>>> print(open('coords_35.txt').read())   # compact mmCIF, C-alpha atoms
# COMPACT_ATOMS: atom_id res chain seq x y z
CA MET A 242 19.22 -3.43 9.53
CA VAL A 243 17.17 -1.22 11.83
CA PRO A 244 18.08 -1.93 15.50
CA PRO A 245 15.20 -3.44 17.52
CA SER A 246 15.59 -0.69 20.14
CA ARG A 247 15.00 1.96 17.49
CA ILE A 248 11.90 0.18 16.20
CA ALA A 249 10.47 -0.16 19.72
CA ALA A 250 11.17 3.51 20.46
CA ALA A 251 9.53 4.60 17.21
CA MET A 252 6.41 2.58 17.98
CA ARG A 253 6.23 4.08 21.51
CA ASP A 254 6.56 7.57 20.04
CA ALA A 255 3.85 6.74 17.51
CA ASP A 256 1.50 5.58 20.27
CA SER A 257 2.19 8.76 22.25
CA ARG A 258 1.43 10.95 19.22
CA ARG A 259 -1.77 9.03 18.61
CA MET A 260 -3.05 9.73 22.11
CA SER A 261 -2.09 13.40 22.15
CA ALA A 262 -3.68 14.03 18.76
CA ALA A 263 -6.85 12.04 19.41
CA ALA A 264 -8.96 15.03 20.45
CA CYS A 265 -8.53 17.03 17.24
CA SER A 266 -7.25 14.53 14.66
CA GLU A 267 -6.91 10.86 13.83
CA THR A 268 -3.64 8.99 13.34
CA LEU A 269 -3.52 5.95 11.08
CA ARG A 270 -0.73 3.46 10.45
CA LEU A 271 -0.17 2.39 6.85
CA LEU A 272 1.63 -0.59 5.35
CA THR A 273 2.28 -1.36 1.70
CA VAL A 274 3.84 -4.57 0.41
CA ASN A 275 4.01 -6.53 -2.82
CA ILE A 276 3.37 -10.06 -1.50
CA HIS A 277 4.56 -11.91 -4.64
CA LYS A 278 1.42 -14.11 -4.62
CA GLY A 279 2.38 -15.53 -1.24
CA TYR A 280 5.75 -16.94 -2.29
CA ASN A 281 9.26 -16.04 -1.22
CA ALA A 282 11.62 -14.19 -3.54
CA PHE A 283 12.77 -17.33 -5.37
CA ASN A 284 9.30 -18.92 -5.64
CA SER A 285 10.66 -21.89 -3.74
CA ARG A 286 8.39 -21.71 -0.70
CA PHE A 287 4.78 -20.70 0.01
CA VAL A 288 4.98 -18.24 2.91
CA LEU A 289 1.48 -16.75 3.13
CA HIS A 290 0.91 -17.99 6.70
CA GLU A 291 4.18 -16.41 7.87
CA LEU A 292 3.33 -13.27 5.96
CA ARG A 293 -0.02 -13.03 7.72
CA GLU A 294 1.64 -13.13 11.13
CA ALA A 295 4.18 -10.50 10.11
CA VAL A 296 1.49 -8.15 8.76
CA ARG A 297 -0.66 -8.56 11.85
CA ALA A 298 2.23 -7.91 14.23
CA LEU A 299 2.57 -4.34 12.92
CA GLY A 300 -0.92 -3.23 13.97
CA SER A 301 -1.54 -1.28 10.77
CA ASP A 302 -4.90 0.37 10.21
CA LEU A 303 -4.60 0.21 6.42
CA VAL A 304 -2.72 -2.38 4.38
CA PHE A 305 -2.04 -1.96 0.64
CA LEU A 306 -1.28 -5.25 -1.12
CA GLN A 307 0.04 -5.90 -4.62
CA GLU A 308 0.32 -9.23 -6.45
CA VAL A 309 -2.33 -10.79 -4.24
CA GLU A 310 -4.33 -13.73 -5.57
CA GLY A 311 -8.09 -13.42 -5.67
CA GLY A 312 -8.95 -17.05 -5.12
CA THR A 313 -10.12 -17.97 -8.62
CA GLY A 314 -8.12 -20.98 -9.70
CA CYS A 315 -5.03 -19.92 -7.75
CA ALA A 316 -2.64 -22.50 -6.41
CA SER A 317 -3.38 -21.62 -2.78
CA ALA A 318 -7.16 -21.36 -3.15
CA ALA A 319 -7.91 -24.84 -1.86
CA ALA A 320 -6.01 -24.13 1.35
CA VAL A 321 -6.73 -20.47 2.09
CA GLY A 322 -9.24 -19.15 -0.45
CA ALA A 323 -8.73 -15.56 -1.60
CA GLN A 324 -5.39 -14.43 -0.21
CA TYR A 325 -6.60 -10.96 0.79
CA GLU A 326 -9.47 -12.49 2.80
CA PHE A 327 -7.06 -14.90 4.48
CA LEU A 328 -4.80 -12.00 5.48
CA ALA A 329 -7.70 -9.81 6.65
CA ASP A 330 -9.56 -12.46 8.65
CA GLN A 331 -10.62 -11.26 12.14
CA ILE A 332 -8.31 -8.22 12.02
CA TRP A 333 -9.45 -5.93 9.20
CA ALA A 334 -13.22 -5.90 9.07
CA ASP A 335 -13.36 -4.35 5.60
CA HIS A 336 -11.40 -5.04 2.44
CA ALA A 337 -11.55 -4.52 -1.29
CA TYR A 338 -9.94 -6.33 -4.20
CA GLY A 339 -9.21 -5.20 -7.74
CA ARG A 340 -8.47 -7.97 -10.23
CA ASN A 341 -5.81 -6.93 -12.73
CA ALA A 342 -4.78 -10.12 -14.51
CA VAL A 343 -5.98 -13.64 -15.23
CA ALA A 344 -3.54 -16.25 -16.52
CA ALA A 345 -4.11 -20.00 -16.78
CA GLY A 346 -7.31 -19.61 -14.78
CA GLN A 347 -5.58 -17.78 -11.92
CA ASP A 348 -6.27 -14.14 -11.06
CA HIS A 349 -4.28 -11.57 -9.13
CA GLY A 350 -4.37 -7.85 -8.47
CA ASN A 351 -4.32 -5.23 -5.72
CA ALA A 352 -6.15 -5.22 -2.40
CA VAL A 353 -6.79 -2.86 0.51
CA LEU A 354 -7.40 -4.13 4.06
CA SER A 355 -9.00 -1.53 6.32
CA ARG A 356 -10.05 -1.05 9.93
CA LEU A 357 -12.29 1.75 8.63
CA PRO A 358 -15.51 0.92 6.76
CA VAL A 359 -15.11 0.79 2.98
CA LEU A 360 -18.01 2.83 1.63
CA ARG A 361 -17.28 2.06 -2.01
CA SER A 362 -14.45 0.85 -4.21
CA GLN A 363 -13.60 0.77 -7.91
CA ASN A 364 -10.77 -0.80 -9.86
CA HIS A 365 -9.45 1.42 -12.67
CA ASP A 366 -7.73 -0.29 -15.58
CA LEU A 367 -4.23 1.06 -16.26
CA SER A 368 -3.33 -1.64 -18.79
CA LEU A 369 -1.56 -0.80 -22.04
CA PRO A 370 -1.39 -2.88 -25.25
CA GLY A 371 1.32 -5.51 -25.28
CA ALA A 372 2.06 -5.33 -21.55
CA GLU A 373 0.98 -7.16 -18.41
CA PRO A 374 -2.38 -5.83 -17.15
CA ARG A 375 -2.12 -3.23 -14.39
CA GLY A 376 -4.68 -1.52 -12.20
CA LEU A 377 -5.47 1.16 -9.66
CA LEU A 378 -7.82 0.22 -6.81
CA HIS A 379 -9.64 3.26 -5.38
CA CYS A 380 -11.50 3.02 -2.05
CA VAL A 381 -13.49 5.60 -0.11
CA LEU A 382 -13.33 5.03 3.65
CA ALA A 383 -15.68 6.28 6.35
CA ARG A 384 -14.17 7.87 9.45
CA PRO A 385 -15.62 8.09 12.95
CA GLY A 386 -17.34 11.11 14.48
CA GLY A 387 -18.45 12.66 11.23
CA ALA A 388 -14.85 13.29 10.06
CA PRO A 389 -14.30 13.74 6.31
CA GLU A 390 -13.97 10.62 4.17
CA LEU A 391 -10.53 9.26 3.38
CA HIS A 392 -9.65 8.27 -0.19
CA VAL A 393 -7.00 5.59 -0.75
CA MET A 394 -5.54 4.08 -3.91
CA CYS A 395 -3.48 0.92 -4.24
CA VAL A 396 -1.39 0.75 -7.40
CA HIS A 397 1.00 -1.53 -9.28
CA LEU A 398 2.65 0.04 -12.32
CA GLY A 399 4.38 -1.47 -15.33
CA LEU A 400 8.00 -2.43 -15.96
CA THR A 401 8.58 -0.11 -18.94
CA GLU A 402 9.26 3.59 -18.36
CA SER A 403 7.04 4.77 -21.19
CA HIS A 404 4.20 2.65 -19.82
CA ARG A 405 4.73 4.00 -16.30
CA ARG A 406 4.61 7.56 -17.58
CA GLN A 407 1.26 6.94 -19.26
CA GLN A 408 -0.04 5.11 -16.17
CA LEU A 409 1.01 7.96 -13.87
CA GLU A 410 -0.76 10.43 -16.14
CA ARG A 411 -3.89 8.25 -15.94
CA LEU A 412 -3.49 8.09 -12.16
CA CYS A 413 -3.48 11.89 -11.94
CA GLU A 414 -6.45 12.12 -14.27
CA THR A 415 -8.31 9.66 -12.03
CA VAL A 416 -7.44 11.68 -8.92
CA HIS A 417 -8.77 14.87 -10.52
CA ARG A 418 -11.93 13.07 -11.62
CA VAL A 419 -12.93 11.03 -8.55
CA VAL A 420 -11.28 12.63 -5.50
CA PRO A 421 -12.61 15.96 -4.18
CA PRO A 422 -9.85 18.60 -4.09
CA ASP A 423 -10.15 19.04 -0.31
CA ALA A 424 -10.22 15.30 0.52
CA ALA A 425 -7.35 13.47 2.22
CA LEU A 426 -5.75 10.97 -0.15
CA VAL A 427 -3.18 8.16 0.16
CA VAL A 428 -1.71 6.45 -2.92
CA ALA A 429 0.57 3.52 -2.12
CA GLY A 430 2.03 0.48 -3.83
CA ASP A 431 4.65 -0.85 -6.21
CA PHE A 432 5.51 1.92 -8.68
CA ASN A 433 8.46 0.08 -10.30
CA ASP A 434 9.94 3.58 -10.62
CA TRP A 435 13.61 2.65 -10.47
CA ARG A 436 14.53 5.74 -12.54
CA LEU A 437 12.83 8.04 -10.00
CA ARG A 438 10.54 9.88 -12.42
CA ALA A 439 7.17 9.54 -10.65
CA ASP A 440 7.40 12.49 -8.24
CA ALA A 441 7.39 15.17 -10.92
CA LEU A 442 4.35 13.64 -12.61
CA LEU A 443 2.39 13.11 -9.40
CA ALA A 444 3.06 16.65 -8.21
CA ALA A 445 0.52 17.67 -10.86
CA CYS A 446 -2.23 16.18 -8.68
CA GLY A 447 -0.80 17.45 -5.39
CA LEU A 448 0.81 14.23 -4.16
CA HIS A 449 4.12 14.07 -2.29
CA GLU A 450 5.99 10.98 -1.12
CA VAL A 451 6.36 10.36 2.61
CA PHE A 452 9.93 8.98 2.66
CA PHE A 453 11.26 11.56 0.21
CA ALA A 454 9.72 14.40 2.23
CA ALA A 455 11.35 13.07 5.42
CA PHE A 456 14.77 11.97 4.16
CA GLY A 457 15.29 13.56 0.75
CA GLN A 458 15.23 10.16 -0.97
CA HIS A 459 12.86 7.28 -1.50
CA ALA A 460 13.13 4.10 0.54
CA ARG A 461 15.04 1.16 -0.90
CA SER A 462 12.69 -1.80 -1.21
CA PHE A 463 13.93 -4.24 -3.86
CA PRO A 464 15.19 -6.92 -3.68
CA ALA A 465 14.03 -7.55 -0.14
CA ARG A 466 17.19 -9.38 0.98
CA TRP A 467 19.53 -6.53 0.00
CA PRO A 468 17.37 -3.58 -1.08
CA LEU A 469 18.96 -1.44 -3.78
CA LEU A 470 16.11 -0.11 -5.93
CA ARG A 471 13.53 2.41 -4.70
CA LEU A 472 10.39 0.89 -6.22
CA ASP A 473 7.69 1.11 -3.56
CA ARG A 474 6.12 4.38 -2.40
CA ILE A 475 3.56 6.01 -0.12
CA TYR A 476 2.20 9.29 -1.51
CA VAL A 477 -0.18 11.58 0.38
CA ARG A 478 -2.25 14.69 -0.12
CA GLY A 479 -4.45 16.68 2.25
CA VAL A 480 -3.11 15.16 5.50
CA LEU A 481 -1.98 17.10 8.57
CA ALA A 482 1.31 15.20 8.82
CA ALA A 483 2.98 12.04 7.53
CA ARG A 484 5.92 10.15 9.03
CA PRO A 485 7.85 7.08 7.82
CA LEU A 486 8.06 4.19 10.28
CA PRO A 487 11.20 2.01 10.50
CA MET A 488 10.86 -1.61 9.53
CA PRO A 489 13.02 -4.61 10.55
CA ARG A 490 14.72 -6.67 7.85
CA GLN A 491 13.50 -9.88 9.46
CA PRO A 492 11.25 -11.67 8.84
CA TRP A 493 10.40 -9.57 5.78
CA SER A 494 13.51 -10.36 3.75
CA ARG A 495 12.39 -13.98 3.44
CA LEU A 496 8.67 -13.32 2.83
CA SER A 497 8.65 -11.65 -0.61
CA ASP A 498 10.90 -10.14 -3.24
CA HIS A 499 9.86 -6.64 -2.07
CA ALA A 500 10.45 -5.15 1.36
CA PRO A 501 7.39 -3.43 2.89
CA LEU A 502 7.08 0.27 3.67
CA ALA A 503 5.23 1.67 6.68
CA ALA A 504 4.15 5.15 7.72
CA GLU A 505 1.65 6.95 9.87
CA ILE A 506 -0.52 9.90 8.91
CA ASP A 507 -2.50 12.45 10.90
CA LEU A 508 -5.90 13.31 9.48
CA PRO A 509 -8.11 16.28 10.37
CA GLY A 510 -11.05 15.55 12.63
CA ALA A 511 -14.68 16.52 12.18
CA ARG A 512 -15.26 20.02 10.86
>>> encode(input="coords_35.txt", output="structure tokens")
Amino acid sequence: MVPPSRIAAAMRDADSRRMSAAACSETLRLLTVNIHKGYNAFNSRFVLHELREAVRALGSDLVFLQEVEGGTGCASAAAVGAQYEFLADQIWADHAYGRNAVAAGQDHGNAVLSRLPVLRSQNHDLSLPGAEPRGLLHCVLARPGGAPELHVMCVHLGLTESHRRQQLERLCETVHRVVPPDAALVVAGDFNDWRLRADALLAACGLHEVFFAAFGQHARSFPARWPLLRLDRIYVRGVLAARPLPMPRQPWSRLSDHAPLAAEIDLPGAR
């Protein structure tokens, strides 16, 4: 468990860096979490309201969500509507949703919540025959003061290694096709990469992982109560700097089967 004093100190340091860099760059806080369709790890309790408070308390500028319900026939739709809209309400002015799967009339996928305007978004199908549908949500975000656009991708990969390898190759192909080579890019989400093979494949499109760059290993994120597997990632390209942020175990260990990851990035200002 990360001591509360360390978390508070890290947030103070982050605020200080934000102010000192404001004149020539922009610092953004990122959060990625697989929300398990708003249920706790054992599917015994609907925790979306608690999850919303926990997400909001972090003050993130960008939130990457996986396994979020889109509001079509979902169990929580009558109470909250689309889960990503419920989470974003009054905090993140812009958001985008990419539907990946529909089962028994219920849909779910990936979503991005953003304090920056979403100029355009597109969901890229990463599904493979005989496996659960998967997707890659790509958003292009406007930045203030004429600064270059920021590209972000929210991803949820498959459970089989051969499928993940093909999906990572498609991810790199998509990056080469739709992201300018000089653009800043963040790719975050649930990679299910418990065998730690993704880095070598994503290096082909210039991406490096924030936690691995800082600590020499990926963050443990699954299961949330006692994280052992390093499944969730934040990859970046074309940023000035990227730093992991510490996260408390509570309340997150009781809000999903995945623990969230957080980081901050410095982006170049207007040219």
>>> atom_distance(input="coords_35.txt", atom1="atom CA of A:Ala425", atom2="atom CA of A:Gly457")
22.7 Å
>>> closest_residue(input="coords_35.txt", among="A:Asp348, A:Glu410, A:Asp330, A:Glu267", to="A:Arg384", atoms="only C-alpha atoms")
A:Glu267
>>> closest_residue(input="coords_35.txt", among="A:Val477, A:Leu360, A:Leu271, A:Ala441", to="A:Val416", atoms="only C-alpha atoms")
A:Val477
>>> closest_residue(input="coords_35.txt", among="A:Cys413, A:Leu369, A:Leu470, A:Ala424", to="A:Ala388", atoms="only C-alpha atoms")
A:Ala424
>>> closest_residue(input="coords_35.txt", among="A:Val480, A:Val353, A:Ser497, A:Glu450", to="A:Pro468", atoms="all atoms listed in the file")
A:Ser497
>>> residues_around(input="coords_35.txt", residues="A:Gly387", least_positions_apart="5", cutoff="12 Å", atoms="all atoms listed in the file", output="list in words")
Ser266, Glu267, Leu382, Pro509, Gly510, Ala511 and Arg512 of chain A
>>> atom_distance(input="coords_35.txt", atom1="atom CA of A:Ala337", atom2="atom CA of A:Ser362")
6.8 Å
>>> residues_around(input="coords_35.txt", residues="A:Ser285", least_positions_apart="2", cutoff="12 Å", atoms="only C-alpha atoms", output="list in words")
His277, Gly279, Tyr280, Asn281, Ala282, Phe283, Phe287, Val288, Arg495, Leu496, Ser497 and Asp498 of chain A
>>> residues_near_point(input="coords_35.txt", point="(6.2, -3.3, -0.4)", cutoff="10 Å", atoms="only C-alpha atoms", output="ChimeraX atom specification")
/A:272-277,305-307,429-432,461-463,465,472-475,493,497-503
>>> residues_around(input="coords_35.txt", residues="A:Arg293", least_positions_apart="5", cutoff="9 Å", atoms="all atoms listed in the file", output="PDB file with C-alpha atoms, keeping the file's coordinate frame")
ATOM      1  CA  VAL A 288       4.980 -18.240   2.910  1.00  0.00           C
ATOM      2  CA  ALA A 298       2.230  -7.910  14.230  1.00  0.00           C
ATOM      3  CA  PHE A 327      -7.060 -14.900   4.480  1.00  0.00           C
ATOM      4  CA  LEU A 328      -4.800 -12.000   5.480  1.00  0.00           C
ATOM      5  CA  ALA A 329      -7.700  -9.810   6.650  1.00  0.00           C
TER       6      ALA A 329
END
>>> residues_around(input="coords_35.txt", residues="A:Arg270", least_positions_apart="4", cutoff="10 Å", atoms="only C-alpha atoms", output="PyMOL selection string")
chain A and resi 255+259+299-304+483-486+503-507
>>> closest_residue(input="coords_35.txt", among="A:Gln331, A:Glu402, A:His379, A:Arg478", to="A:Val451", atoms="all atoms listed in the file")
A:Arg478
>>> axis_aligned_box(input="coords_35.txt", around="stretch 299-313 of chain A", padding_each_side="5 Å", output="AutoDock Vina command-line options")
--center_x -3.8 --center_y -8.8 --center_z 2.7 --size_x 22.7 --size_y 28.3 --size_z 32.6
>>> atom_distance(input="coords_35.txt", atom1="atom CA of A:Arg466", atom2="atom CA of A:Arg490")
7.8 Å
>>> closest_residue(input="coords_35.txt", among="A:Pro385, A:Pro487, A:Pro464, A:Gly311", to="A:Ala342", atoms="all atoms listed in the file")
A:Gly311
>>> residues_near_point(input="coords_35.txt", point="(-10.4, -6.0, -6.4)", cutoff="10 Å", atoms="all atoms listed in the file", output="PyMOL selection string")
chain A and resi 309-311+325+336-341+349-353+362-365+376-379
>>> residues_around(input="coords_35.txt", residues="A:Leu448", least_positions_apart="4", cutoff="9 Å", atoms="only C-alpha atoms", output="list in words")
Leu426, Val427, Val428, Asp440, Leu443, Ala444, Tyr476, Val477, Arg478 and Gly479 of chain A
